[in-house]
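Novice: Here it is, the structure, as structure tokens.
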Amino acid sequence: MGCLTATAQERKVQNKPYTDLRPLHLGILVGMNLQDIELENVGPQTILLEDGTTKTETIVCDDDKWNAGFSVGVLADLRISQHLNLRFTPSMHFGAKHLTFYNMTELTPEGRLTEMTQDMKTTYMSFPVDLKFSAERWNNYRPYIIAGVNQLVNLTSKNQDFLQLKRTDTMIEIGLGCDLYLPFFKLIPELKFCYSLTNAIDSRHADELQDTNKRMYANAVSRGQTKMIVLTFYFE
């Protein structure tokens with residue numbers, strides 16, 4: 001048993017043994033993302049009709065599924081100490097959010113709730129700054145954890161049907177990954193979780209809508225916080 005344990009823990013030839021001693025690392029990244037948004041509904045609202053009368057509508061909105069997209073970007077990694085690095089990874093995230101609005105006060109002829117949907121396309125320019133804490137390297141593997149803040153710029157046009165996102169958003173992110181030292185480059189798979197710190201819904205968008213029917217759906221949501229899960233592969 002002792003011989004087997006010694007064999008399992010035997011050191012192997014290290015690929016790129018001095019790469020982590022460099023003060024600055026540059027690379028590229030590709031990956032996929034899953035986008036979601038956590039919505040807060042206002043509940044019953046009073047609607048002013050064209051004839052001057054009013055009615056009460058209750059509309060509930062939900063992002064009913066995670067939507068997959070893809071991500072690309074570049075990497076700059078600054079070595080602070082043996083186990084700590086500062087990373088800057090400007091990226092582009094392409095994706096969408098699928099929203100469903102349920103009108104709780106209007107039924108279809110079949111007796112079901114009236115539903116409206118919106119496919120909210122998103123293109124984010126992302127500027128995350130993260131601290132990367134790495135464990136000791138073992139052979140050609142080195143696991144790590146990261147945490148940081150991500151500033152997003154929404155490049156999507158404002159021609160949205162019901163809800164519109166603000167131009168900027170700020171997210172906090174945490175994640176984990178592992179440096180894989182290959183003979184000619186370093187491959188780094190990483191899984192990261194991002195959550196918005198601000199209200200991402202543009203409340204002024206409802207006033208810009210000419211269609212009164214669309215306006216009541218836009219006013220049904222008071223707050224929304226975006227979420228993303230990002231699986232990234234870095235190449236250094």
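In the structure tokens, chains take the letters A, B, ... in the order shown, each chain's residues start at 1, and ligands count up from 1 in the order shown.
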Any idea what's packed within 9 Å of Lys12 of chain A, counting only C-alpha atoms, ignoring anything in its chain fewer than 2 positions away? Could you give it as a PDB file with N, CA, C and O atoms, in the first residue's frame?
Specialist:
ATOM      1  N   GLU A  10       3.802  10.732  -7.064  1.00  0.00           N
ATOM      2  CA  GLU A  10       5.098  10.993  -7.662  1.00  0.00           C
ATOM      3  C   GLU A  10       5.060  12.241  -8.528  1.00  0.00           C
ATOM      4  O   GLU A  10       4.118  12.471  -9.272  1.00  0.00           O
ATOM      5  N   GLN A  14       7.345  18.937 -15.289  1.00  0.00           N
ATOM      6  CA  GLN A  14       6.482  20.103 -15.355  1.00  0.00           C
ATOM      7  C   GLN A  14       6.627  20.805 -16.699  1.00  0.00           C
ATOM      8  O   GLN A  14       7.738  21.115 -17.144  1.00  0.00           O
ATOM      9  N   TRP A 138       0.769  21.582  -8.471  1.00  0.00           N
ATOM     10  CA  TRP A 138       1.114  20.176  -8.335  1.00  0.00           C
ATOM     11  C   TRP A 138       1.204  19.581  -9.736  1.00  0.00           C
ATOM     12  O   TRP A 138       0.217  19.542 -10.467  1.00  0.00           O
ATOM     13  N   ASN A 139       2.390  19.162 -10.112  1.00  0.00           N
ATOM     14  CA  ASN A 139       2.654  18.684 -11.467  1.00  0.00           C
ATOM     15  C   ASN A 139       2.198  19.750 -12.470  1.00  0.00           C
ATOM     16  O   ASN A 139       2.718  20.843 -12.471  1.00  0.00           O
ATOM     17  N   ASN A 140       1.195  19.461 -13.276  1.00  0.00           N
ATOM     18  CA  ASN A 140       0.744  20.421 -14.286  1.00  0.00           C
ATOM     19  C   ASN A 140      -0.673  20.935 -14.005  1.00  0.00           C
ATOM     20  O   ASN A 140      -1.416  21.274 -14.938  1.00  0.00           O
TER      21      ASN A 140
END
Novice: Kindly assemble as JSON lines a list of the segment 103-126 of chain A residues that lie within 12 Å of segment 30-39 of chain A, each paired with its nearest atom pair and their distance in Å to one decimal, using only C-alpha atoms, sorted first by chain and then by ascending residue number.
Specialist:
{"residue": "A:Asp119", "atom": "CA", "partner": "A:Asp36", "partner_atom": "CA", "distance": 11.9}
{"residue": "A:Met120", "atom": "CA", "partner": "A:Asp36", "partner_atom": "CA", "distance": 10.6}
{"residue": "A:Lys121", "atom": "CA", "partner": "A:Gln35", "partner_atom": "CA", "distance": 10.5}
{"residue": "A:Thr122", "atom": "CA", "partner": "A:Gln35", "partner_atom": "CA", "distance": 9.3}
{"residue": "A:Thr123", "atom": "CA", "partner": "A:Gln35", "partner_atom": "CA", "distance": 11.2}
{"residue": "A:Tyr124", "atom": "CA", "partner": "A:Gln35", "partner_atom": "CA", "distance": 11.1}
Novice: Restricting the output to C-alpha atoms, write the selected residues as a CSV table (one decimal), in the first residue's frame.
Specialist:
chain,number,residue,atom,x,y,z
A,119,ASP,CA,-37.1,37.9,-26.3
A,120,MET,CA,-34.7,40.5,-24.9
A,121,LYS,CA,-31.5,40.3,-26.9
A,122,THR,CA,-28.4,41.5,-25.0
A,123,THR,CA,-24.9,42.4,-26.0
A,124,TYR,CA,-22.7,43.3,-23.1
Novice: Go through A:Val230, A:Leu182, A:Ile145, A:Met216 one by one, measure the shortest atom-to-atom distance of each to Pro17 of chain A using only C-alpha atoms, and give the residue with the smallest value.
Specialist: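 Closest residue, counting only C-alpha atoms: A:Leu182.
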Novice: Please return as number ranges by chain: the residues of segment 100-154 of chain A that backbone DSSP assigns to strand (DSSP E or B).
Specialist: A: 100-107, 113-134, 138, 141-154
Novice: Between A:Phe235, A:Phe184, A:Phe162, A:Phe133, which is the closest to Asn15 of chain A once you count only C-alpha atoms?
Specialist: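 Checking each of A:Phe235, A:Phe184, A:Phe162, A:Phe133 against Asn15 of chain A, counting only C-alpha atoms, the winner is A:Phe184.
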Novice: Check which residues of segment 131-225 of chain A sit at most 7 Å from segment 67-88 of chain A using only C-alpha atoms, and return one row each with the closest pair of atoms and their distance in Å to one decimal, ordered by chain and rising number, as a tab-separated table.
Specialist:
residue	atom	partner	partner_atom	distance
A:Leu131	CA	A:Leu86	CA	4.9
A:Lys132	CA	A:Asn85	CA	5.0
A:Phe133	CA	A:Leu84	CA	4.8
A:Ser134	CA	A:His83	CA	4.9
A:Ala135	CA	A:His83	CA	6.5
Novice: For the selection you just gave me, I'd like the residues written to a file as a compact mmCIF listing (two decimals), in the first residue's frame, keeping C-alpha atoms.
Specialist:
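Okay, again.txt is ready:
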# COMPACT_ATOMS: atom_id res chain seq x y z
CA LEU A 131 -8.36 38.94 -7.57
CA LYS A 132 -7.12 35.41 -8.27
CA PHE A 133 -5.88 33.30 -5.33
CA SER A 134 -4.03 30.18 -6.48
CA ALA A 135 -3.03 27.08 -4.56
Novice: Near Leu197 of chain A, counting only C-alpha atoms, which residues have an atom at most 8 Å away, once you skip same-chain residues fewer than 6 positions from it, shown as a list in words?
Specialist: Asp169, Thr170, Met171, Ile172 and Gln225 of chain A
Novice: Please identify the alpha helix (DSSP H) residues within segment 69-214 of chain A (assignment by DSSP from backbone atoms) and present them as a list of chain:residue names.
Specialist: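 Output for segment 69-214 of chain A, alpha helix (DSSP H) only: A:His205, A:Ala206, A:Asp207, A:Glu208, A:Thr212, A:Asn213, A:Lys214.
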Novice: May I have the selected residues written with N, CA and C atoms, as a PDB file, in the first residue's frame?
Specialist:
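Printed below is again-v9.pdb as written:
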ATOM      1  N   HIS A 205     -38.407  53.838 -19.862  1.00  0.00           N
ATOM      2  CA  HIS A 205     -38.779  53.255 -21.152  1.00  0.00           C
ATOM      3  C   HIS A 205     -40.288  53.192 -21.328  1.00  0.00           C
ATOM      4  N   ALA A 206     -41.051  52.947 -20.257  1.00  0.00           N
ATOM      5  CA  ALA A 206     -42.510  52.836 -20.362  1.00  0.00           C
ATOM      6  C   ALA A 206     -43.127  54.130 -20.871  1.00  0.00           C
ATOM      7  N   ASP A 207     -42.614  55.278 -20.456  1.00  0.00           N
ATOM      8  CA  ASP A 207     -43.160  56.565 -20.896  1.00  0.00           C
ATOM      9  C   ASP A 207     -42.882  56.829 -22.369  1.00  0.00           C
ATOM     10  N   GLU A 208     -41.904  56.160 -22.935  1.00  0.00           N
ATOM     11  CA  GLU A 208     -41.558  56.369 -24.341  1.00  0.00           C
ATOM     12  C   GLU A 208     -42.405  55.514 -25.280  1.00  0.00           C
ATOM     13  N   THR A 212     -50.572  52.055 -25.453  1.00  0.00           N
ATOM     14  CA  THR A 212     -50.996  51.983 -24.055  1.00  0.00           C
ATOM     15  C   THR A 212     -50.968  50.555 -23.542  1.00  0.00           C
ATOM     16  N   ASN A 213     -51.316  49.595 -24.384  1.00  0.00           N
ATOM     17  CA  ASN A 213     -51.308  48.196 -23.974  1.00  0.00           C
ATOM     18  C   ASN A 213     -49.907  47.744 -23.608  1.00  0.00           C
ATOM     19  N   LYS A 214     -48.895  48.164 -24.399  1.00  0.00           N
ATOM     20  CA  LYS A 214     -47.516  47.816 -24.089  1.00  0.00           C
ATOM     21  C   LYS A 214     -47.047  48.518 -22.815  1.00  0.00           C
TER      22      LYS A 214
END
Novice: Rounded to one decimal place, report the atom CA of Leu21 of chain A-atom CA of Lys186 of chain A distance in Å.
Specialist: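 According to the coordinates, atom CA of Leu21 of chain A and atom CA of Lys186 of chain A are separated by 13.6 Å.
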Novice: Near Met125 of chain A, within 8 Å and counting only C-alpha atoms, which residues show up once chain neighbours fewer than 2 positions away are dropped, as JSON, numbers by chain?
Specialist: {"A": [90, 91, 92, 93, 123, 127, 152, 153, 154, 155]}
Novice: Using only C-alpha atoms, which of the listed residues (A:Val42, A:Leu180, A:Lys97, A:Thr89) sits closest to Asp64 of chain A?
Specialist: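 Of the candidates, the smallest distance to Asp64 of chain A is held by A:Lys97.
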